[in-house]
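Peer 1: What follows is target27.cif; its format and atoms are mmCIF, C-alpha atoms, pLDDT in the B column; chains and numbers go by the auth columns.
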```cif
data_input
#
loop_
_atom_site.group_PDB
_atom_site.id
_atom_site.type_symbol
_atom_site.label_atom_id
_atom_site.label_comp_id
_atom_site.label_asym_id
_atom_site.label_seq_id
_atom_site.Cartn_x
_atom_site.Cartn_y
_atom_site.Cartn_z
_atom_site.B_iso_or_equiv
_atom_site.auth_seq_id
_atom_site.auth_asym_id
ATOM 1 C CA MET A 1 -5.762 -1.242 0.093 35.00 10 T
ATOM 2 C CA ARG A 2 -6.311 -2.366 -3.468 41.00 11 T
ATOM 3 C CA HIS A 3 -5.815 -5.629 -5.321 41.00 12 T
ATOM 4 C CA CYS A 4 -2.317 -5.644 -6.719 53.00 13 T
ATOM 5 C CA GLN A 5 -3.538 -6.424 -10.242 60.00 14 T
ATOM 6 C CA HIS A 6 -0.637 -5.562 -12.483 66.00 15 T
ATOM 7 C CA HIS A 7 -1.162 -4.822 -16.142 63.00 16 T
ATOM 8 C CA LEU A 8 1.327 -4.370 -18.938 67.00 17 T
ATOM 9 C CA ARG A 9 0.591 -1.165 -20.756 56.00 18 T
ATOM 10 C CA GLN A 10 2.058 0.320 -23.858 54.00 19 T
ATOM 11 C CA HIS A 11 1.071 2.892 -26.453 52.00 20 T
ATOM 12 C CA GLN A 12 0.342 0.000 -28.834 49.00 21 T
ATOM 13 C CA GLN A 13 -2.334 -2.603 -28.071 48.00 22 T
ATOM 14 C CA PRO A 14 -1.801 -5.659 -30.311 49.00 23 T
ATOM 15 C CA GLN A 15 -0.297 -8.487 -28.312 58.00 24 T
ATOM 16 C CA ARG A 16 2.409 -9.114 -30.889 63.00 25 T
ATOM 17 C CA TYR A 17 4.113 -5.965 -29.624 77.00 26 T
ATOM 18 C CA ILE A 18 5.054 -7.755 -26.384 88.00 27 T
ATOM 19 C CA THR A 19 7.855 -9.504 -28.234 85.00 28 T
ATOM 20 C CA LYS A 20 9.237 -6.120 -29.348 87.00 29 T
ATOM 21 C CA ILE A 21 9.578 -4.732 -25.815 93.00 30 T
ATOM 22 C CA LYS A 22 13.130 -3.769 -24.893 94.00 31 T
ATOM 23 C CA THR A 23 12.467 -1.535 -21.854 95.00 32 T
ATOM 24 C CA ILE A 24 9.999 -1.888 -18.965 96.00 33 T
ATOM 25 C CA TYR A 25 9.373 0.671 -16.239 96.00 34 T
ATOM 26 C CA SER A 26 7.901 -0.230 -12.858 96.00 35 T
ATOM 27 C CA HIS A 27 8.313 -0.079 -9.094 94.00 36 T
ATOM 28 C CA PRO A 28 11.060 -2.441 -7.793 93.00 37 T
ATOM 29 C CA GLN A 29 8.543 -4.544 -5.853 91.00 38 T
ATOM 30 C CA VAL A 30 6.688 -5.457 -9.025 93.00 39 T
ATOM 31 C CA TRP A 31 9.400 -7.549 -10.656 94.00 40 T
ATOM 32 C CA SER A 32 9.091 -10.343 -8.086 91.00 41 T
ATOM 33 C CA GLN A 33 5.286 -10.254 -8.314 92.00 42 T
ATOM 34 C CA CYS A 34 5.156 -10.910 -12.053 93.00 43 T
ATOM 35 C CA ASN A 35 7.838 -13.576 -12.456 93.00 44 T
ATOM 36 C CA LYS A 36 5.783 -16.040 -14.481 93.00 45 T
ATOM 37 C CA PHE A 37 4.635 -13.493 -17.059 93.00 46 T
ATOM 38 C CA LEU A 38 8.124 -12.049 -17.483 94.00 47 T
ATOM 39 C CA HIS A 39 9.576 -15.551 -17.881 93.00 48 T
ATOM 40 C CA ASP A 40 6.903 -16.727 -20.342 92.00 49 T
ATOM 41 C CA TYR A 41 7.650 -13.796 -22.673 91.00 50 T
ATOM 42 C CA ASN A 42 11.402 -13.903 -22.087 92.00 51 T
ATOM 43 C CA LEU A 43 11.227 -10.442 -20.532 93.00 52 T
ATOM 44 C CA ASP A 44 13.279 -11.592 -17.549 90.00 53 T
ATOM 45 C CA ASN A 45 16.304 -11.839 -19.846 90.00 54 T
ATOM 46 C CA ASN A 46 18.401 -8.884 -18.702 88.00 55 T
ATOM 47 C CA LEU A 47 20.482 -8.987 -21.881 90.00 56 T
ATOM 48 C CA LYS A 48 17.348 -8.582 -23.981 91.00 57 T
ATOM 49 C CA THR A 49 15.153 -6.345 -21.808 94.00 58 T
ATOM 50 C CA SER A 50 16.061 -3.454 -19.517 95.00 59 T
ATOM 51 C CA LYS A 51 13.933 -3.264 -16.360 96.00 60 T
ATOM 52 C CA ILE A 52 14.065 0.275 -14.966 96.00 61 T
ATOM 53 C CA ASP A 53 12.936 1.074 -11.414 97.00 62 T
ATOM 54 C CA THR A 54 10.584 4.000 -10.761 96.00 63 T
ATOM 55 C CA SER A 55 9.294 5.548 -7.537 94.00 64 T
ATOM 56 C CA SER A 56 5.810 4.186 -8.192 92.00 65 T
ATOM 57 C CA THR A 57 3.906 2.182 -10.780 92.00 66 T
ATOM 58 C CA SER A 58 1.972 5.313 -11.703 92.00 67 T
ATOM 59 C CA LYS A 59 5.255 7.085 -12.360 95.00 68 T
ATOM 60 C CA ALA A 60 6.199 4.208 -14.663 95.00 69 T
ATOM 61 C CA VAL A 61 3.145 4.866 -16.829 95.00 70 T
ATOM 62 C CA GLU A 62 3.872 8.592 -16.790 95.00 71 T
ATOM 63 C CA LYS A 63 7.280 7.783 -18.294 94.00 72 T
ATOM 64 C CA LEU A 64 5.516 6.319 -21.329 93.00 73 T
ATOM 65 C CA THR A 65 3.610 9.540 -21.946 93.00 74 T
ATOM 66 C CA GLN A 66 6.917 11.410 -22.129 93.00 75 T
ATOM 67 C CA LEU A 67 8.230 9.366 -25.052 92.00 76 T
ATOM 68 C CA PRO A 68 8.249 11.053 -28.482 89.00 77 T
ATOM 69 C CA PRO A 69 5.031 10.361 -30.452 82.00 78 T
ATOM 70 C CA ASP A 70 5.255 7.782 -33.242 80.00 79 T
ATOM 71 C CA SER A 71 8.812 6.907 -32.251 84.00 80 T
ATOM 72 C CA GLN A 72 10.440 3.507 -32.225 87.00 81 T
ATOM 73 C CA SER A 73 10.967 3.852 -28.478 87.00 82 T
ATOM 74 C CA ARG A 74 7.188 3.859 -27.956 85.00 83 T
ATOM 75 C CA LEU A 75 6.951 0.487 -29.654 86.00 84 T
ATOM 76 C CA GLU A 76 9.748 -0.929 -27.546 92.00 85 T
ATOM 77 C CA THR A 77 8.829 0.495 -24.106 94.00 86 T
ATOM 78 C CA ALA A 78 6.172 -0.612 -21.631 94.00 87 T
ATOM 79 C CA ALA A 79 5.236 -0.229 -17.967 95.00 88 T
ATOM 80 C CA ILE A 80 3.744 -2.558 -15.365 95.00 89 T
ATOM 81 C CA ALA A 81 1.127 -0.806 -13.250 93.00 90 T
ATOM 82 C CA SER A 82 -2.520 -0.756 -12.174 89.00 91 T
ATOM 83 C CA SER A 83 -5.587 -0.110 -14.317 88.00 92 T
ATOM 84 C CA THR A 84 -6.099 3.149 -12.397 87.00 93 T
ATOM 85 C CA ALA A 85 -2.775 4.451 -13.705 90.00 94 T
ATOM 86 C CA SER A 86 -3.920 3.581 -17.197 89.00 95 T
ATOM 87 C CA GLU A 87 -7.102 5.636 -16.744 89.00 96 T
ATOM 88 C CA ILE A 88 -5.318 8.646 -15.283 90.00 97 T
ATOM 89 C CA HIS A 89 -2.528 8.790 -17.874 91.00 98 T
ATOM 90 C CA ARG A 90 -4.690 7.508 -20.752 89.00 99 T
ATOM 91 C CA VAL A 91 -2.299 4.766 -21.768 90.00 100 T
ATOM 92 C CA PRO A 92 -3.961 1.579 -23.124 89.00 101 T
ATOM 93 C CA ILE A 93 -3.441 -1.791 -21.451 90.00 102 T
ATOM 94 C CA LEU A 94 -1.555 -4.346 -23.507 89.00 103 T
ATOM 95 C CA LYS A 95 -2.161 -7.352 -21.216 90.00 104 T
ATOM 96 C CA HIS A 96 -4.310 -7.656 -18.096 90.00 105 T
ATOM 97 C CA ASN A 97 -3.687 -9.382 -14.749 90.00 106 T
ATOM 98 C CA ILE A 98 -0.083 -10.469 -15.198 92.00 107 T
ATOM 99 C CA GLU A 99 0.623 -10.872 -11.460 91.00 108 T
ATOM 100 C CA ASP A 100 1.636 -14.317 -10.151 92.00 109 T
ATOM 101 C CA HIS A 101 -0.961 -14.338 -7.343 86.00 110 T
ATOM 102 C CA SER A 102 -4.378 -12.752 -7.883 78.00 111 T
ATOM 103 C CA GLY A 103 -4.904 -12.270 -4.133 73.00 112 T
ATOM 104 C CA ASN A 104 -1.818 -10.109 -3.721 73.00 113 T
ATOM 105 C CA THR A 105 -2.603 -6.635 -2.407 70.00 114 T
ATOM 106 C CA THR A 106 -0.832 -3.317 -1.925 70.00 115 T
ATOM 107 C CA ARG A 107 -1.891 -0.537 0.419 69.00 116 T
ATOM 108 C CA PHE A 108 -1.404 3.181 -0.145 69.00 117 T
ATOM 109 C CA LEU A 109 -1.701 5.824 2.561 68.00 118 T
ATOM 110 C CA VAL A 110 -2.231 9.530 1.999 70.00 119 T
ATOM 111 C CA LEU A 111 -0.905 11.484 4.991 69.00 120 T
ATOM 112 C CA GLY A 112 -1.966 15.013 5.888 69.00 121 T
ATOM 113 C CA GLN A 113 -3.273 17.206 8.698 68.00 122 T
ATOM 114 C CA THR A 114 -6.304 18.551 6.843 63.00 123 T
ATOM 115 C CA GLN A 115 -8.120 17.776 3.644 56.00 124 T
ATOM 116 C CA ASN A 116 -7.817 20.459 1.000 54.00 125 T
ATOM 117 C CA GLN A 117 -11.387 21.093 -0.091 50.00 126 T
ATOM 118 C CA GLN A 118 -10.239 23.505 -2.806 51.00 127 T
ATOM 119 C CA GLN A 119 -8.238 20.905 -4.700 55.00 128 T
ATOM 120 C CA GLN A 120 -9.327 20.633 -8.318 53.00 129 T
ATOM 121 C CA GLN A 121 -9.958 17.131 -9.625 55.00 130 T
ATOM 122 C CA THR A 122 -10.325 15.899 -13.157 58.00 131 T
ATOM 123 C CA HIS A 123 -13.371 13.833 -14.079 54.00 132 T
ATOM 124 C CA THR A 124 -11.288 10.642 -14.146 54.00 133 T
ATOM 125 C CA GLU A 125 -9.741 11.366 -10.750 56.00 134 T
ATOM 126 C CA SER A 126 -13.226 11.988 -9.300 60.00 135 T
ATOM 127 C CA GLN A 127 -14.434 8.649 -10.653 55.00 136 T
ATOM 128 C CA VAL A 128 -11.443 6.885 -9.094 52.00 137 T
ATOM 129 C CA GLN A 129 -12.134 8.627 -5.770 57.00 138 T
ATOM 130 C CA LEU A 130 -15.775 7.497 -5.797 56.00 139 T
ATOM 131 C CA GLN A 131 -14.681 3.947 -6.556 56.00 140 T
ATOM 132 C CA LEU A 132 -12.259 3.983 -3.632 56.00 141 T
ATOM 133 C CA GLN A 133 -14.974 5.278 -1.298 59.00 142 T
ATOM 134 C CA SER A 134 -17.343 2.484 -2.313 62.00 143 T
ATOM 135 C CA GLU A 135 -14.651 -0.090 -1.540 71.00 144 T
ATOM 136 C CA THR A 136 -13.855 1.327 1.919 75.00 145 T
ATOM 137 C CA SER A 137 -15.218 -0.242 5.122 73.00 146 T
ATOM 138 C CA ASN A 138 -16.492 1.671 8.153 76.00 147 T
ATOM 139 C CA LYS A 139 -13.851 0.129 10.425 79.00 148 T
ATOM 140 C CA LYS A 140 -11.354 2.749 11.528 83.00 149 T
ATOM 141 C CA ILE A 141 -7.708 1.689 11.888 88.00 150 T
ATOM 142 C CA HIS A 142 -5.363 3.585 14.212 91.00 151 T
ATOM 143 C CA LEU A 143 -1.642 3.680 13.470 92.00 152 T
ATOM 144 C CA LEU A 144 0.556 4.152 16.553 94.00 153 T
ATOM 145 C CA THR A 145 4.271 4.189 17.233 95.00 154 T
ATOM 146 C CA PHE A 146 6.220 3.748 20.471 95.00 155 T
ATOM 147 C CA ILE A 147 9.499 2.585 22.004 94.00 156 T
ATOM 148 C CA ILE A 148 9.652 0.149 24.933 94.00 157 T
ATOM 149 C CA ARG A 149 10.749 2.142 27.969 91.00 158 T
ATOM 150 C CA LYS A 150 12.377 -0.729 29.907 86.00 159 T
ATOM 151 C CA ASN A 151 13.823 -2.706 27.066 82.00 160 T
ATOM 152 C CA ASP A 152 15.635 -5.252 29.272 82.00 161 T
ATOM 153 C CA ASN A 153 12.565 -6.244 31.333 85.00 162 T
ATOM 154 C CA PHE A 154 11.322 -9.734 30.494 89.00 163 T
ATOM 155 C CA GLY A 155 7.806 -9.613 29.061 91.00 164 T
ATOM 156 C CA SER A 156 7.806 -5.844 28.578 92.00 165 T
ATOM 157 C CA LEU A 157 6.364 -6.038 25.055 92.00 166 T
ATOM 158 C CA CYS A 158 3.765 -8.562 26.229 94.00 167 T
ATOM 159 C CA ASP A 159 2.686 -6.144 28.987 94.00 168 T
ATOM 160 C CA ILE A 160 2.231 -3.384 26.432 94.00 169 T
ATOM 161 C CA LEU A 161 0.202 -5.514 24.031 94.00 170 T
ATOM 162 C CA ALA A 162 -1.979 -6.749 26.906 95.00 171 T
ATOM 163 C CA VAL A 163 -3.204 -3.176 27.415 94.00 172 T
ATOM 164 C CA PHE A 164 -4.595 -3.127 23.872 93.00 173 T
ATOM 165 C CA LYS A 165 -6.404 -6.422 24.470 92.00 174 T
ATOM 166 C CA LYS A 166 -7.763 -5.229 27.805 93.00 175 T
ATOM 167 C CA HIS A 167 -9.539 -2.344 26.081 91.00 176 T
ATOM 168 C CA ASN A 168 -10.735 -4.370 23.091 90.00 177 T
ATOM 169 C CA LEU A 169 -8.384 -2.917 20.520 91.00 178 T
ATOM 170 C CA ASN A 170 -7.327 -5.627 18.124 89.00 179 T
ATOM 171 C CA LEU A 171 -3.733 -5.573 16.819 89.00 180 T
ATOM 172 C CA GLN A 172 -3.731 -6.170 13.077 87.00 181 T
ATOM 173 C CA THR A 173 -0.061 -5.504 12.307 90.00 182 T
ATOM 174 C CA ILE A 174 3.142 -4.850 14.208 94.00 183 T
ATOM 175 C CA THR A 175 6.461 -3.888 12.621 94.00 184 T
ATOM 176 C CA THR A 176 9.740 -2.444 13.879 94.00 185 T
ATOM 177 C CA ARG A 177 12.449 -0.065 12.754 92.00 186 T
ATOM 178 C CA PRO A 178 15.768 0.773 14.486 92.00 187 T
ATOM 179 C CA SER A 179 15.520 3.703 16.882 89.00 188 T
ATOM 180 C CA VAL A 180 18.060 6.452 17.599 83.00 189 T
ATOM 181 C CA VAL A 181 17.658 6.049 21.370 82.00 190 T
ATOM 182 C CA SER A 182 20.344 3.386 21.690 83.00 191 T
ATOM 183 C CA SER A 183 21.700 0.321 19.913 84.00 192 T
ATOM 184 C CA TRP A 184 19.317 -2.629 19.597 85.00 193 T
ATOM 185 C CA ARG A 185 16.276 -0.608 20.625 88.00 194 T
ATOM 186 C CA TYR A 186 13.440 -0.398 18.163 93.00 195 T
ATOM 187 C CA VAL A 187 10.514 1.792 17.250 95.00 196 T
ATOM 188 C CA PHE A 188 7.302 -0.252 17.083 96.00 197 T
ATOM 189 C CA PHE A 189 4.559 0.566 14.587 95.00 198 T
ATOM 190 C CA VAL A 190 1.194 -1.041 15.359 95.00 199 T
ATOM 191 C CA GLU A 191 -2.220 -0.912 13.718 92.00 200 T
ATOM 192 C CA VAL A 192 -5.280 -1.493 15.893 92.00 201 T
ATOM 193 C CA TRP A 193 -9.052 -1.457 15.496 87.00 202 T
ATOM 194 C CA SER A 194 -11.956 -2.036 17.859 77.00 203 T
ATOM 195 C CA ASN A 195 -13.362 -5.513 18.495 62.00 204 T
ATOM 196 C CA ASN A 196 -16.579 -4.075 19.893 56.00 205 T
ATOM 197 C CA ASN A 197 -18.046 -1.996 17.103 51.00 206 T
ATOM 198 C CA GLU A 198 -18.553 -3.969 13.931 52.00 207 T
ATOM 199 C CA ASP A 199 -20.980 -1.465 12.407 50.00 208 T
ATOM 200 C CA ASP A 200 -20.196 1.742 14.258 50.00 209 T
ATOM 201 C CA ASN A 201 -16.797 2.869 15.526 50.00 210 T
ATOM 202 C CA LYS A 202 -17.970 5.849 17.579 57.00 211 T
ATOM 203 C CA ASP A 203 -16.214 4.562 20.720 60.00 212 T
ATOM 204 C CA ASP A 204 -12.933 3.803 18.950 64.00 213 T
ATOM 205 C CA ASP A 205 -11.343 7.115 19.841 77.00 214 T
ATOM 206 C CA LYS A 206 -12.424 6.807 23.476 84.00 215 T
ATOM 207 C CA GLU A 207 -10.886 3.334 23.745 87.00 216 T
ATOM 208 C CA LEU A 208 -7.711 4.558 22.091 89.00 217 T
ATOM 209 C CA ASP A 209 -7.443 7.484 24.531 91.00 218 T
ATOM 210 C CA THR A 210 -7.808 5.051 27.434 92.00 219 T
ATOM 211 C CA VAL A 211 -5.005 2.859 26.090 93.00 220 T
ATOM 212 C CA ILE A 212 -2.714 5.850 25.605 92.00 221 T
ATOM 213 C CA ASP A 213 -3.390 7.076 29.148 93.00 222 T
ATOM 214 C CA GLU A 214 -2.715 3.658 30.669 93.00 223 T
ATOM 215 C CA LEU A 215 0.485 3.037 28.722 92.00 224 T
ATOM 216 C CA SER A 216 1.766 6.498 29.661 89.00 225 T
ATOM 217 C CA SER A 217 0.785 6.353 33.348 90.00 226 T
ATOM 218 C CA ASN A 218 2.382 2.917 33.774 88.00 227 T
ATOM 219 C CA GLU A 219 5.541 4.195 32.063 88.00 228 T
ATOM 220 C CA LEU A 220 5.593 1.211 29.733 91.00 229 T
ATOM 221 C CA VAL A 221 6.549 3.159 26.601 93.00 230 T
ATOM 222 C CA LEU A 222 8.545 6.106 25.302 92.00 231 T
ATOM 223 C CA ASP A 223 7.502 8.541 22.561 91.00 232 T
ATOM 224 C CA LEU A 224 4.005 7.125 22.146 93.00 233 T
ATOM 225 C CA THR A 225 2.510 8.831 19.090 92.00 234 T
ATOM 226 C CA VAL A 226 -0.709 8.372 17.146 91.00 235 T
ATOM 227 C CA ILE A 227 0.354 8.908 13.544 89.00 236 T
ATOM 228 C CA GLY A 228 -3.216 8.883 12.273 86.00 237 T
ATOM 229 C CA SER A 229 -6.458 6.998 11.688 85.00 238 T
ATOM 230 C CA PHE A 230 -7.984 5.716 8.468 82.00 239 T
ATOM 231 C CA TYR A 231 -10.562 3.275 7.104 81.00 240 T
ATOM 232 C CA ARG A 232 -9.383 0.079 5.491 78.00 241 T
ATOM 233 C CA SER A 233 -10.993 -1.531 2.461 77.00 242 T
ATOM 234 C CA LYS A 234 -13.878 -3.963 2.722 78.00 243 T
ATOM 235 C CA LYS A 235 -11.768 -6.516 0.868 75.00 244 T
ATOM 236 C CA TYR A 236 -9.169 -6.477 3.639 74.00 245 T
ATOM 237 C CA PHE A 237 -11.665 -7.581 6.286 75.00 246 T
ATOM 238 C CA GLU A 238 -13.156 -10.167 3.937 77.00 247 T
ATOM 239 C CA MET A 239 -9.704 -11.669 3.478 73.00 248 T
ATOM 240 C CA ILE A 240 -8.804 -11.838 7.191 72.00 249 T
ATOM 241 C CA ALA A 241 -12.202 -13.361 7.994 72.00 250 T
ATOM 242 C CA ALA A 242 -11.844 -16.119 5.389 66.00 251 T
#
```
Would you mind writing the file out in structure tokens?

Peer 2:
Amino acid sequence: MRHCQHHLRQHQQPQRYITKIKTIYSHPQVWSQCNKFLHDYNLDNNLKTSKIDTSSTSKAVEKLTQLPPDSQSRLETAAIASSTASEIHRVPILKHNIEDHSGNTTRFLVLGQTQNQQQQQTHTESQVQLQLQSETSNKKIHLLTFIIRKNDNFGSLCDILAVFKKHNLNLQTITTRPSVVSSWRYVFFVEVWSNNNEDDNKDDDKELDTVIDELSSNELVLDLTVIGSFYRSKKYFEMIAA
């Protein structure tokens, strides 16, 4: 998880170029996070400025690098993204910290079965990786998914969540998505971490195995799956403890 500090970047640095912007690239979620900045510079005027959605904020910056050098389009096009994207794509930042709320955060997950040790990294990418490691806590989060087996039983979800509490696994998030089992049945996604081990999570996996065994033996859930485990940032735990 990283601070969602959005920056306006462009191939030209002087601030006067903000008024010349006619096209902005960014992820769709960003527009609502930078309302004040866009309004102050009249960039929320859809007749004056085209806001183009991209699959990620990094992709938005990559779009700038594809514009013809020394062209008018470079002067009139910008992207809203993170400072990391600026470092990777070597595009200068025109204006820093344009988000409405400085405490806003966005989390990114990298999913995979094994880590590719042979992957080549550039110097900049290695620096970013070291920075991310220094910001990561030692608290392991487990991401699980399941479907309630007896969906019409009163208190069925409460019974399931009580098993996590019983074994000292703290639920941090719980979200749902429609399932294909039947209408009005949902897949639950939960994130848990151990209450016991503040400095060392060696017993986390053992506790998780116990929870999985109990939920399965009591036939409380269907399709219980552990999607993966990861370490959240130090900032995340500082924020929830505040």

Peer 1: Give me the residues within 10 Å of Lys31 of chain T as a PyMOL selection string, counting all atoms listed in the file and dropping any in the same chain fewer than 2 places off.

Peer 2: chain T and resi 27-29+33+52+55-60+82+84-87

Peer 1: Could you tell me, as a ChimeraX atom specification, exactly which residues end up selected when the PyMOL selection byres ((chain T and resi 199-201) around 10) is applied to this structure?

Peer 2: /T:149-155,170,173-174,177-185,196-198,202-204,213,217,235,237-238

Peer 1: Using all atoms listed in the file, which residue out of T:Ile30, T:Asp218, T:Ile157, T:Ser146 lies closest to Phe246 of chain T?

Peer 2: T:Ser146

Peer 1: Could you work out how far atom CA of Thr219 of chain T lies from atom CA of Ser191 of chain T, giving the answer in Å with one decimal?

Peer 2: 28.8 Å

Peer 1: If I take atom CA of Phe239 of chain T and atom CA of Thr145 of chain T, how far is one from the other in Å, to one decimal?

Peer 2: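 That distance, rounded to one decimal, is 9.8 Å.
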
Peer 1: Determine the nearest neighbour of His98 of chain T from the options T:Arg186, T:Lys215, T:Lys243, T:Lys72, counting all atoms listed in the file.

Peer 2: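 Of T:Arg186, T:Lys215, T:Lys243, T:Lys72, the one nearest His98 of chain T, counting all atoms listed in the file, is T:Lys72.
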
Peer 1: Give as a list of chain:residue names every residue, naming chains and numbers as the document does, that has an atom within 10 Å of (-1.8, 3.2, -18.6), counting all atoms listed in the file.

Peer 2: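 Applying the cut-off with all atoms listed in the file, one gets T:His16, T:Leu17, T:Arg18, T:Gln19, T:His20, T:Thr66, T:Ser67, T:Ala69, T:Val70, T:Glu71, T:Leu73, T:Thr74, T:Ala87, T:Ala88, T:Ile89, T:Ala90, T:Ser91, T:Ser92, T:Thr93, T:Ala94, T:Ser95, T:Glu96, T:Ile97, T:His98, T:Arg99, T:Val100, T:Pro101, T:Ile102, T:Leu103.
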